[in-house]
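Enquirer: What follows is query_7.pdb; its format and atoms are PDB, C-alpha atoms.
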```
ATOM      1  CA  MET A   1     -18.762 -33.263 -10.885
ATOM      2  CA  LEU A   2     -19.095 -33.322 -14.676
ATOM      3  CA  ALA A   3     -18.047 -29.701 -14.874
ATOM      4  CA  ARG A   4     -15.006 -30.541 -12.738
ATOM      5  CA  GLN A   5     -14.082 -33.434 -15.046
ATOM      6  CA  ARG A   6     -14.441 -31.186 -18.092
ATOM      7  CA  PHE A   7     -12.282 -28.551 -16.423
ATOM      8  CA  ALA A   8      -9.630 -31.178 -15.727
ATOM      9  CA  MET A   9      -9.700 -32.430 -19.315
ATOM     10  CA  GLN A  10      -9.408 -28.877 -20.627
ATOM     11  CA  SER A  11      -6.484 -28.238 -18.298
ATOM     12  CA  ILE A  12      -4.693 -31.399 -19.400
ATOM     13  CA  GLY A  13      -5.149 -30.325 -22.982
ATOM     14  CA  MET A  14      -3.340 -27.062 -22.367
ATOM     15  CA  GLU A  15       0.295 -26.545 -23.150
ATOM     16  CA  SER A  16       2.701 -28.543 -21.029
ATOM     17  CA  ASN A  17       4.400 -25.429 -19.672
ATOM     18  CA  TRP A  18       1.137 -23.915 -18.510
ATOM     19  CA  ALA A  19       1.780 -24.732 -14.854
ATOM     20  CA  ALA A  20       5.321 -23.366 -15.029
ATOM     21  CA  GLU A  21       4.039 -20.105 -16.527
ATOM     22  CA  HIS A  22       1.445 -19.892 -13.774
ATOM     23  CA  LEU A  23       4.133 -20.335 -11.116
ATOM     24  CA  GLN A  24       6.239 -17.659 -12.776
ATOM     25  CA  VAL A  25       3.323 -15.212 -12.710
ATOM     26  CA  ILE A  26       2.725 -16.013  -9.026
ATOM     27  CA  ARG A  27       6.405 -15.454  -8.203
ATOM     28  CA  THR A  28       6.462 -12.121 -10.060
ATOM     29  CA  LEU A  29       3.335 -10.918  -8.282
ATOM     30  CA  MET A  30       4.645 -11.982  -4.893
ATOM     31  CA  GLU A  31       7.884 -10.115  -5.516
ATOM     32  CA  ARG A  32       6.022  -7.058  -6.734
ATOM     33  CA  SER A  33       3.762  -6.949  -3.700
ATOM     34  CA  ALA A  34       6.773  -6.929  -1.388
ATOM     35  CA  LEU A  35       8.393  -3.960  -3.175
ATOM     36  CA  TYR A  36       8.385  -0.434  -1.849
ATOM     37  CA  ARG A  37       7.273   2.062  -4.517
ATOM     38  CA  ARG A  38       5.820   4.984  -2.657
ATOM     39  CA  ALA A  39       6.690   8.544  -3.754
ATOM     40  CA  LEU A  40      10.148   7.576  -5.008
ATOM     41  CA  ALA A  41      10.500  10.306  -7.624
ATOM     42  CA  PRO A  42       9.291  13.166  -5.369
ATOM     43  CA  ILE A  43      11.576  11.988  -2.539
ATOM     44  CA  MET A  44      14.596  11.806  -4.838
ATOM     45  CA  ILE A  45      13.908  15.204  -6.387
ATOM     46  CA  PHE A  46      13.296  16.790  -2.993
ATOM     47  CA  ASN A  47      16.512  15.358  -1.554
ATOM     48  CA  GLY A  48      18.431  16.381  -4.664
ATOM     49  CA  VAL A  49      17.240  19.969  -4.415
ATOM     50  CA  VAL A  50      17.971  20.061  -0.658
ATOM     51  CA  GLY A  51      21.451  18.572  -1.205
ATOM     52  CA  LEU A  52      22.380  20.995  -3.976
ATOM     53  CA  ALA A  53      20.980  24.020  -2.141
ATOM     54  CA  ALA A  54      22.716  23.030   1.111
ATOM     55  CA  ALA A  55      26.053  22.495  -0.646
ATOM     56  CA  ALA A  56      25.805  25.863  -2.406
ATOM     57  CA  LEU A  57      24.735  27.660   0.777
ATOM     58  CA  GLY A  58      27.400  26.049   2.963
ATOM     59  CA  TRP A  59      30.075  26.809   0.399
ATOM     60  CA  ALA A  60      28.904  30.420   0.004
ATOM     61  CA  LEU A  61      28.709  30.954   3.784
ATOM     62  CA  LYS A  62      32.122  29.273   4.199
ATOM     63  CA  VAL A  63      30.917  26.922   6.939
ATOM     64  CA  GLY A  64      34.465  25.764   7.389
ATOM     65  CA  SER A  65      35.363  24.350  10.804
ATOM     66  CA  PRO A  66      34.902  20.580  11.273
ATOM     67  CA  HIS A  67      32.439  21.242  14.097
ATOM     68  CA  ALA A  68      30.327  23.582  12.017
ATOM     69  CA  PHE A  69      30.583  21.361   8.935
ATOM     70  CA  ILE A  70      29.286  18.268  10.783
ATOM     71  CA  LEU A  71      26.518  20.189  12.551
ATOM     72  CA  TYR A  72      25.508  21.891   9.319
ATOM     73  CA  TRP A  73      25.141  18.606   7.434
ATOM     74  CA  ALA A  74      23.405  16.953  10.383
ATOM     75  CA  ALA A  75      20.812  19.731  10.196
ATOM     76  CA  VAL A  76      20.504  19.225   6.423
ATOM     77  CA  CYS A  77      20.012  15.496   7.048
ATOM     78  CA  VAL A  78      17.193  16.247   9.498
ATOM     79  CA  VAL A  79      15.519  18.525   6.929
ATOM     80  CA  ALA A  80      15.871  15.891   4.179
ATOM     81  CA  MET A  81      14.531  13.078   6.360
ATOM     82  CA  THR A  82      11.616  15.141   7.647
ATOM     83  CA  GLY A  83      10.693  16.155   4.099
ATOM     84  CA  SER A  84      10.929  12.558   2.892
ATOM     85  CA  PHE A  85       8.769  11.367   5.786
ATOM     86  CA  LEU A  86       6.120  13.975   4.983
ATOM     87  CA  LEU A  87       6.160  13.051   1.284
ATOM     88  CA  VAL A  88       5.682   9.360   2.091
ATOM     89  CA  ARG A  89       2.909  10.177   4.552
ATOM     90  CA  ARG A  90       1.143  12.435   2.065
ATOM     91  CA  GLN A  91       1.282   9.738  -0.606
ATOM     92  CA  ALA A  92      -0.038   7.121   1.850
ATOM     93  CA  ILE A  93      -2.962   9.335   2.837
ATOM     94  CA  LYS A  94      -3.709  10.218  -0.785
ATOM     95  CA  ASP A  95      -3.772   6.550  -1.799
ATOM     96  CA  SER A  96      -5.684   5.422   1.296
ATOM     97  CA  GLU A  97      -2.867   3.123   2.320
ATOM     98  CA  PRO A  98      -1.434   2.443   5.775
ATOM     99  CA  PHE A  99       1.713   4.516   6.323
ATOM    100  CA  TRP A 100       3.670   1.825   8.131
ATOM    101  CA  SER A 101       3.117  -0.841   5.465
ATOM    102  CA  PRO A 102       5.279  -4.006   5.384
ATOM    103  CA  PRO A 103       7.423  -2.744   2.437
ATOM    104  CA  THR A 104       7.962   0.600   4.247
ATOM    105  CA  ARG A 105       9.008  -1.305   7.355
ATOM    106  CA  ARG A 106      11.437  -3.515   5.429
ATOM    107  CA  VAL A 107      13.021  -0.556   3.612
ATOM    108  CA  SER A 108      13.379   1.395   6.873
ATOM    109  CA  GLN A 109      15.038  -1.582   8.557
ATOM    110  CA  ALA A 110      17.458  -1.990   5.638
ATOM    111  CA  PHE A 111      18.331   1.713   5.692
ATOM    112  CA  LEU A 112      18.880   1.888   9.426
ATOM    113  CA  PRO A 113      22.304   0.217  10.106
ATOM    114  CA  PRO A 114      24.410   2.145   7.533
ATOM    115  CA  LEU A 115      22.634   5.424   8.313
ATOM    116  CA  ALA A 116      23.141   4.850  12.045
ATOM    117  CA  ALA A 117      26.818   4.116  11.341
ATOM    118  CA  GLY A 118      27.113   7.409   9.426
ATOM    119  CA  LEU A 119      25.467   9.261  12.296
ATOM    120  CA  MET A 120      27.709   7.657  14.920
ATOM    121  CA  ILE A 121      30.896   8.247  12.920
ATOM    122  CA  GLY A 122      29.801  11.856  12.397
ATOM    123  CA  ALA A 123      29.193  12.202  16.152
ATOM    124  CA  VAL A 124      32.602  10.695  17.005
ATOM    125  CA  ALA A 125      34.283  12.966  14.455
ATOM    126  CA  TRP A 126      32.461  15.957  15.947
ATOM    127  CA  VAL A 127      33.645  15.064  19.465
ATOM    128  CA  ARG A 128      37.228  14.380  18.392
ATOM    129  CA  ALA A 129      37.532  17.311  16.004
ATOM    130  CA  GLY A 130      37.869  19.742  18.868
ATOM    131  CA  SER A 131      40.446  17.785  20.816
ATOM    132  CA  ALA A 132      42.524  16.608  17.878
ATOM    133  CA  PRO A 133      42.950  19.498  15.462
ATOM    134  CA  GLY A 134      46.028  17.914  13.938
ATOM    135  CA  ASN A 135      44.077  14.799  13.111
ATOM    136  CA  LEU A 136      40.485  15.363  12.082
ATOM    137  CA  GLY A 137      40.790  19.106  11.891
ATOM    138  CA  ASP A 138      43.466  19.113   9.213
ATOM    139  CA  SER A 139      42.789  19.530   5.524
ATOM    140  CA  SER A 140      42.094  15.873   4.724
ATOM    141  CA  GLY A 141      39.665  15.717   7.637
ATOM    142  CA  MET A 142      37.210  17.793   5.672
ATOM    143  CA  VAL A 143      37.033  15.265   2.852
ATOM    144  CA  TRP A 144      37.247  11.798   4.389
ATOM    145  CA  LEU A 145      34.019  12.267   6.333
ATOM    146  CA  PRO A 146      31.841  13.216   3.305
ATOM    147  CA  THR A 147      33.287  10.323   1.276
ATOM    148  CA  LEU A 148      32.572   7.942   4.159
ATOM    149  CA  TRP A 149      29.009   9.267   4.372
ATOM    150  CA  VAL A 150      28.662   8.746   0.624
ATOM    151  CA  VAL A 151      29.843   5.117   0.865
ATOM    152  CA  LEU A 152      27.589   4.351   3.846
ATOM    153  CA  TYR A 153      24.630   5.978   2.130
ATOM    154  CA  GLY A 154      25.322   3.798  -0.915
ATOM    155  CA  CYS A 155      25.374   0.713   1.325
ATOM    156  CA  ALA A 156      22.032   1.789   2.814
ATOM    157  CA  PHE A 157      20.485   2.160  -0.643
ATOM    158  CA  HIS A 158      21.895  -1.135  -1.827
ATOM    159  CA  ALA A 159      20.439  -2.938   1.210
ATOM    160  CA  ALA A 160      17.064  -1.236   0.763
ATOM    161  CA  GLY A 161      17.246  -1.990  -2.955
ATOM    162  CA  PHE A 162      16.310  -5.606  -2.222
ATOM    163  CA  PHE A 163      12.830  -4.310  -1.342
ATOM    164  CA  MET A 164      12.637  -1.591  -3.991
ATOM    165  CA  PRO A 165      12.616  -1.470  -7.803
ATOM    166  CA  ARG A 166      15.795  -2.850  -9.360
ATOM    167  CA  GLY A 167      17.415   0.517 -10.191
ATOM    168  CA  MET A 168      17.866   1.361  -6.518
ATOM    169  CA  LYS A 169      20.677  -1.134  -6.106
ATOM    170  CA  VAL A 170      22.511   0.425  -9.054
ATOM    171  CA  PHE A 171      21.931   3.820  -7.447
ATOM    172  CA  GLY A 172      23.499   2.467  -4.239
ATOM    173  CA  TRP A 173      26.472   1.102  -6.151
ATOM    174  CA  ALA A 174      27.028   4.525  -7.757
ATOM    175  CA  PHE A 175      27.473   5.983  -4.263
ATOM    176  CA  VAL A 176      29.719   3.147  -3.058
ATOM    177  CA  VAL A 177      31.998   3.169  -6.116
ATOM    178  CA  GLY A 178      32.023   6.976  -6.359
ATOM    179  CA  GLY A 179      32.762   7.376  -2.653
ATOM    180  CA  CYS A 180      35.600   4.842  -2.710
ATOM    181  CA  GLY A 181      37.020   6.442  -5.863
ATOM    182  CA  LEU A 182      37.033   9.864  -4.242
ATOM    183  CA  PHE A 183      38.573   8.417  -1.092
ATOM    184  CA  ALA A 184      41.389   6.925  -3.202
ATOM    185  CA  ALA A 185      41.854  10.093  -5.227
ATOM    186  CA  GLY A 186      41.989  12.375  -2.175
ATOM    187  CA  VAL A 187      42.148  16.141  -2.460
ATOM    188  CA  PRO A 188      43.646  17.259  -5.786
ATOM    189  CA  GLY A 189      46.823  19.303  -5.421
ATOM    190  CA  GLY A 190      46.117  22.985  -5.010
ATOM    191  CA  ALA A 191      42.408  22.482  -4.394
ATOM    192  CA  ASP A 192      40.755  23.890  -1.302
ATOM    193  CA  PRO A 193      39.652  20.912   0.902
ATOM    194  CA  LEU A 194      36.581  22.823   1.968
ATOM    195  CA  ASP A 195      35.510  23.338  -1.645
ATOM    196  CA  CYS A 196      36.146  19.629  -2.261
ATOM    197  CA  ALA A 197      34.027  18.635   0.744
ATOM    198  CA  TYR A 198      31.081  20.764  -0.391
ATOM    199  CA  GLY A 199      31.616  19.565  -3.950
ATOM    200  CA  VAL A 200      31.379  15.915  -2.835
ATOM    201  CA  MET A 201      28.227  16.576  -0.788
ATOM    202  CA  GLY A 202      26.593  18.584  -3.558
ATOM    203  CA  LEU A 203      27.537  16.168  -6.320
ATOM    204  CA  PHE A 204      26.376  13.001  -4.558
ATOM    205  CA  PHE A 205      23.597  14.046  -2.206
ATOM    206  CA  GLY A 206      22.368  16.760  -4.562
ATOM    207  CA  GLY A 207      23.250  15.910  -8.151
ATOM    208  CA  LEU A 208      22.810  12.140  -8.075
ATOM    209  CA  HIS A 209      19.497  12.328  -6.223
ATOM    210  CA  LEU A 210      18.162  14.957  -8.565
ATOM    211  CA  ALA A 211      19.252  13.101 -11.702
ATOM    212  CA  TYR A 212      17.740   9.826 -10.523
ATOM    213  CA  GLY A 213      14.580  11.579  -9.329
ATOM    214  CA  VAL A 214      14.035  13.183 -12.753
ATOM    215  CA  TYR A 215      14.669   9.796 -14.414
ATOM    216  CA  LEU A 216      12.151   8.110 -12.086
ATOM    217  CA  TYR A 217       9.602  10.850 -12.654
ATOM    218  CA  PHE A 218       9.620  10.400 -16.421
ATOM    219  CA  THR A 219       9.795   6.597 -16.389
ATOM    220  CA  GLU A 220       6.934   6.359 -13.857
ATOM    221  CA  ARG A 221       4.841   8.787 -15.890
ATOM    222  CA  ARG A 222       5.484   6.819 -19.080
ATOM    223  CA  ARG A 223       4.522   3.589 -17.288
ATOM    224  CA  ASN A 224       1.301   5.177 -15.986
ATOM    225  CA  GLU A 225       0.420   6.428 -19.467
ATOM    226  CA  THR A 226       0.853   2.968 -21.004
TER     227      THR A 226
ATOM    228  CA  MET B 227      -1.286 -38.396 -17.950
ATOM    229  CA  ASN B 228      -2.655 -38.531 -14.417
ATOM    230  CA  PRO B 229      -5.647 -36.150 -14.214
ATOM    231  CA  GLU B 230      -5.678 -36.210 -10.405
ATOM    232  CA  PRO B 231      -3.845 -32.891  -9.774
ATOM    233  CA  PHE B 232      -6.066 -31.156 -12.325
ATOM    234  CA  LEU B 233      -9.180 -32.415 -10.560
ATOM    235  CA  GLN B 234      -7.909 -31.016  -7.271
ATOM    236  CA  ILE B 235      -7.299 -27.515  -8.612
ATOM    237  CA  ASP B 236      -9.265 -24.977  -6.591
ATOM    238  CA  ARG B 237     -11.303 -23.040  -9.122
ATOM    239  CA  VAL B 238     -11.844 -20.144  -6.734
ATOM    240  CA  ILE B 239      -8.100 -19.454  -6.772
ATOM    241  CA  HIS B 240      -7.477 -20.596 -10.332
ATOM    242  CA  GLU B 241      -9.204 -17.574 -11.898
ATOM    243  CA  LYS B 242      -6.571 -15.090 -13.129
ATOM    244  CA  GLY B 243      -7.664 -12.036 -11.120
ATOM    245  CA  ARG B 244      -8.216 -13.930  -7.885
ATOM    246  CA  LEU B 245      -4.922 -15.778  -8.259
ATOM    247  CA  ALA B 246      -3.170 -12.408  -8.635
ATOM    248  CA  ILE B 247      -4.809 -11.100  -5.457
ATOM    249  CA  MET B 248      -3.954 -14.282  -3.541
ATOM    250  CA  SER B 249      -0.327 -14.167  -4.795
ATOM    251  CA  MET B 250       0.138 -10.585  -3.655
ATOM    252  CA  LEU B 251      -1.402 -11.243  -0.267
ATOM    253  CA  ALA B 252       0.723 -14.358   0.178
ATOM    254  CA  ALA B 253       3.830 -12.151   0.137
ATOM    255  CA  SER B 254       2.491  -9.448   2.465
ATOM    256  CA  PRO B 255       0.735  -9.737   5.819
ATOM    257  CA  GLU B 256      -1.880  -7.284   4.552
ATOM    258  CA  LEU B 257      -2.461  -4.956   1.625
ATOM    259  CA  SER B 258      -4.831  -2.085   1.107
ATOM    260  CA  PHE B 259      -7.556  -2.136  -1.525
ATOM    261  CA  THR B 260      -5.799   0.631  -3.485
ATOM    262  CA  GLU B 261      -2.441  -1.167  -3.417
ATOM    263  CA  LEU B 262      -4.091  -4.258  -4.904
ATOM    264  CA  ARG B 263      -6.026  -2.244  -7.474
ATOM    265  CA  ASP B 264      -3.057  -0.123  -8.596
ATOM    266  CA  THR B 265      -0.472  -2.910  -8.710
ATOM    267  CA  LEU B 266      -2.754  -5.251 -10.620
ATOM    268  CA  GLY B 267      -4.189  -2.528 -12.848
ATOM    269  CA  MET B 268      -7.776  -3.636 -12.167
ATOM    270  CA  THR B 269     -10.896  -1.525 -11.842
ATOM    271  CA  ASP B 270     -12.540  -0.899  -8.468
ATOM    272  CA  GLY B 271     -15.467  -3.123  -9.437
ATOM    273  CA  ASN B 272     -13.245  -5.965 -10.545
ATOM    274  CA  VAL B 273     -11.218  -5.979  -7.344
ATOM    275  CA  THR B 274     -14.370  -5.718  -5.224
ATOM    276  CA  THR B 275     -15.968  -8.700  -6.996
ATOM    277  CA  HIS B 276     -12.872 -10.875  -6.640
ATOM    278  CA  ILE B 277     -12.382  -9.907  -3.010
ATOM    279  CA  ARG B 278     -16.003 -10.769  -2.265
ATOM    280  CA  THR B 279     -15.641 -14.194  -3.921
ATOM    281  CA  LEU B 280     -12.456 -14.917  -1.959
ATOM    282  CA  GLN B 281     -14.082 -13.688   1.237
ATOM    283  CA  GLU B 282     -17.098 -15.947   0.696
ATOM    284  CA  ALA B 283     -14.730 -18.879   0.201
ATOM    285  CA  GLY B 284     -13.163 -18.022   3.553
ATOM    286  CA  TYR B 285      -9.759 -17.291   2.010
ATOM    287  CA  LEU B 286      -9.571 -13.607   2.717
ATOM    288  CA  SER B 287     -10.456 -11.252   5.549
ATOM    289  CA  VAL B 288     -11.316  -7.609   4.982
ATOM    290  CA  THR B 289     -10.808  -4.913   7.609
ATOM    291  CA  LYS B 290     -12.340  -1.477   7.269
ATOM    292  CA  SER B 291     -10.910   1.379   9.305
ATOM    293  CA  PHE B 292     -10.161   5.084   9.096
ATOM    294  CA  GLN B 293      -6.816   6.801   8.561
ATOM    295  CA  ASN B 294      -6.786  10.578   8.809
ATOM    296  CA  ASN B 295     -10.573  10.605   8.456
ATOM    297  CA  ARG B 296     -10.368   8.655   5.203
ATOM    298  CA  PRO B 297     -11.694   5.106   4.863
ATOM    299  CA  LEU B 298      -8.999   2.458   4.661
ATOM    300  CA  THR B 299      -9.820  -1.063   3.484
ATOM    301  CA  THR B 300      -7.157  -3.710   4.063
ATOM    302  CA  CYS B 301      -7.178  -7.342   3.005
ATOM    303  CA  ALA B 302      -5.268 -10.301   4.415
ATOM    304  CA  LEU B 303      -5.208 -14.036   3.803
ATOM    305  CA  THR B 304      -6.952 -16.167   6.412
ATOM    306  CA  PRO B 305      -5.278 -19.398   7.616
ATOM    307  CA  ALA B 306      -7.631 -21.288   5.267
ATOM    308  CA  GLY B 307      -6.564 -18.994   2.421
ATOM    309  CA  LYS B 308      -2.882 -19.627   3.144
ATOM    310  CA  ARG B 309      -3.507 -23.377   3.183
ATOM    311  CA  ALA B 310      -5.490 -23.247  -0.066
ATOM    312  CA  PHE B 311      -2.792 -21.160  -1.758
ATOM    313  CA  THR B 312      -0.020 -23.532  -0.614
ATOM    314  CA  HIS B 313      -2.058 -26.478  -1.847
ATOM    315  CA  TYR B 314      -2.553 -24.752  -5.205
ATOM    316  CA  ILE B 315       1.197 -24.140  -5.573
ATOM    317  CA  ASN B 316       1.918 -27.766  -4.654
ATOM    318  CA  LEU B 317      -0.519 -28.924  -7.315
ATOM    319  CA  LEU B 318       1.178 -26.770  -9.941
ATOM    320  CA  GLU B 319       4.523 -28.265  -8.956
ATOM    321  CA  ARG B 320       3.089 -31.755  -9.210
ATOM    322  CA  ILE B 321       1.778 -30.971 -12.688
ATOM    323  CA  ILE B 322       5.220 -29.689 -13.724
ATOM    324  CA  GLN B 323       6.870 -32.831 -12.346
ATOM    325  CA  GLN B 324       4.324 -34.962 -14.176
ATOM    326  CA  ASN B 325       5.030 -33.213 -17.483
ATOM    327  CA  LYS B 326       8.800 -33.491 -17.187
ATOM    328  CA  PRO B 327      10.268 -35.844 -19.795
ATOM    329  CA  LYS B 328      11.624 -38.970 -18.108
TER     330      LYS B 328
END
```
Please, can you express the file's structure as structure tokens?

Expert:
Amino acid sequence: MLARQRFAMQSIGMESNWAAEHLQVIRTLMERSALYRRALAPIMIFNGVVGLAAAALGWALKVGSPHAFILYWAAVCVVAMTGSFLLVRRQAIKDSEPFWSPPTRRVSQAFLPPLAAGLMIGAVAWVRAGSAPGNLGDSSGMVWLPTLWVVLYGCAFHAAGFFMPRGMKVFGWAFVVGGCGLFAAGVPGGADPLDCAYGVMGLFFGGLHLAYGVYLYFTERRRNET
Amino acid sequence: MNPEPFLQIDRVIHEKGRLAIMSMLAASPELSFTELRDTLGMTDGNVTTHIRTLQEAGYLSVTKSFQNNRPLTTCALTPAGKRAFTHYINLLERIIQQNKPK
């Protein structure tokens, strides 16, 4: 009892903002525990390399018809998602953590609606491309779909960013703003729409991922060293 | 100043390391030992000691299992732990209210 009294007297004697500081620390820790942090840099770098390589390969092979273009990028998406899944799983096993952790679940749920929308719009475009060559199959049809995918992907990242480190929301905004800007700009006069479409896919899904992945790699390493 | 809230402070939770563990577990249904250790930057021994203390107080449950043939230790707050943590937060808020200039 005496020890308890002494503890109370010591506590009273502390600074008046002691309790507020304690609450702040608790809030920060609670937020941090709910954040997803697993294998972010490797996933970004992997997706960046896949995006750039796929854009270069598709452009070189002249995968040009709307049908082929959509199928090609759907296959690339499957490769990117499978690789990301394996990277997350490897990290979870290495760190002796459950794969389907609450932050992983929250991030997956946030990603799902915009990615599903992108998939469904891609599927609708694929179905309609054959029957409406004057609509989706014309020159602008090769660019509006990638820009829409870019915007939806940005929305997905922004939503997931609420459960990830702060930079992810900015990364999502870069996609949204960039995609809308490209949509407004359209295909520059004289430019080949197919080149533009591969350029958009390579720049956003390749270049942006790679750049952010390299940034994350170095900042995470610096944080680990300190 | 009214010393009552200070007298009610749970000293098991009040320790810095244990409070950090309780705070993290309050925001997640469960966390693995390595997640706690890495996020809080503690040593294995430190985390083990704090977890044991919290477990003995009945605030924390520990589950040991295997994932891909590797041991996986997960921790979660018990209902008593959730109650104690809520009570601790309420006490801090009372102390803040008490210290506010009128």

Enquirer: Check what the PyMOL selection byres ((chain B) within 10 of (chain A)) selects in the file above and give those residues as JSON, numbers by chain.

Expert: {"B": [227, 228, 229, 230, 231, 232, 233, 234, 235, 237, 240, 242, 245, 246, 247, 248, 249, 250, 251, 252, 253, 254, 255, 256, 257, 258, 259, 260, 261, 262, 264, 265, 266, 267, 292, 293, 294, 295, 296, 297, 298, 299, 300, 314, 315, 317, 318, 319, 320, 321, 322, 323, 324, 325, 326]}

Enquirer: Record the distance separating CA of His209 in chain A and CA of Met44 in chain A, expressed in Å with one decimal.

Expert: 5.1 Å

Enquirer: Please indicate the distance in Å from CA of Val76 in chain A to CA of Val124 in chain A, rounded to one decimal place.

Expert: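 Rounded to one decimal, the two atoms are 18.2 Å apart.
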
Enquirer: Translate the PyMOL selection byres ((chain A and resi 39) around 7), as applied to the file shown, into an explicit residue set as a PyMOL selection string.

Expert: chain A and resi 37-38+40-43+87-88+91

Enquirer: Can you measure CA of Met168 in chain A to CA of Met268 in chain B for me? One decimal in Å is fine.

Expert: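 So the two atoms, CA of Met168 in chain A and CA of Met268 in chain B, lie 26.7 Å apart.
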
Enquirer: Missing atoms in range 139-160 of chain A: can you complete it with N, CA and C atoms, as a compact mmCIF listing (two decimals), in the frame of the given file?

Expert:
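Now in part.txt:
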```txt
# COMPACT_ATOMS: atom_id res chain seq x y z
N SER A 139 43.45 19.37 6.82
CA SER A 139 42.79 19.53 5.52
C SER A 139 42.09 18.26 5.06
N SER A 140 42.72 17.09 5.22
CA SER A 140 42.09 15.87 4.72
C SER A 140 40.86 15.51 5.54
N GLY A 141 40.81 16.01 6.78
CA GLY A 141 39.66 15.72 7.64
C GLY A 141 38.37 16.25 7.09
N MET A 142 38.43 17.23 6.24
CA MET A 142 37.21 17.79 5.67
C MET A 142 36.69 16.97 4.50
N VAL A 143 37.48 16.02 4.02
CA VAL A 143 37.03 15.26 2.85
C VAL A 143 36.73 13.81 3.18
N TRP A 144 37.49 13.22 4.14
CA TRP A 144 37.25 11.80 4.39
C TRP A 144 35.86 11.54 4.94
N LEU A 145 35.34 12.49 5.74
CA LEU A 145 34.02 12.27 6.33
C LEU A 145 32.91 12.27 5.26
N PRO A 146 32.87 13.28 4.36
CA PRO A 146 31.84 13.22 3.30
C PRO A 146 31.93 11.95 2.44
N THR A 147 33.17 11.53 2.12
CA THR A 147 33.29 10.32 1.28
C THR A 147 32.80 9.09 2.04
N LEU A 148 33.07 9.05 3.34
CA LEU A 148 32.57 7.94 4.16
C LEU A 148 31.05 7.97 4.22
N TRP A 149 30.48 9.14 4.37
CA TRP A 149 29.01 9.27 4.37
C TRP A 149 28.45 8.79 3.04
N VAL A 150 29.13 9.15 1.96
CA VAL A 150 28.66 8.75 0.62
C VAL A 150 28.65 7.22 0.52
N VAL A 151 29.74 6.58 0.96
CA VAL A 151 29.84 5.12 0.86
C VAL A 151 28.76 4.46 1.73
N LEU A 152 28.60 4.94 2.95
CA LEU A 152 27.59 4.35 3.85
C LEU A 152 26.18 4.55 3.30
N TYR A 153 25.94 5.71 2.72
CA TYR A 153 24.63 5.98 2.13
C TYR A 153 24.38 5.02 0.96
N GLY A 154 25.43 4.76 0.19
CA GLY A 154 25.32 3.80 -0.92
C GLY A 154 25.00 2.40 -0.40
N CYS A 155 25.65 2.03 0.71
CA CYS A 155 25.37 0.71 1.32
C CYS A 155 23.91 0.65 1.77
N ALA A 156 23.43 1.75 2.35
CA ALA A 156 22.03 1.79 2.81
C ALA A 156 21.09 1.59 1.64
N PHE A 157 21.35 2.27 0.53
CA PHE A 157 20.48 2.16 -0.64
C PHE A 157 20.56 0.77 -1.27
N HIS A 158 21.75 0.21 -1.25
CA HIS A 158 21.90 -1.14 -1.83
C HIS A 158 21.11 -2.14 -0.99
N ALA A 159 21.19 -2.02 0.33
CA ALA A 159 20.44 -2.94 1.21
C ALA A 159 18.94 -2.75 1.01
N ALA A 160 18.50 -1.50 0.96
CA ALA A 160 17.06 -1.24 0.76
C ALA A 160 16.61 -1.63 -0.63
```
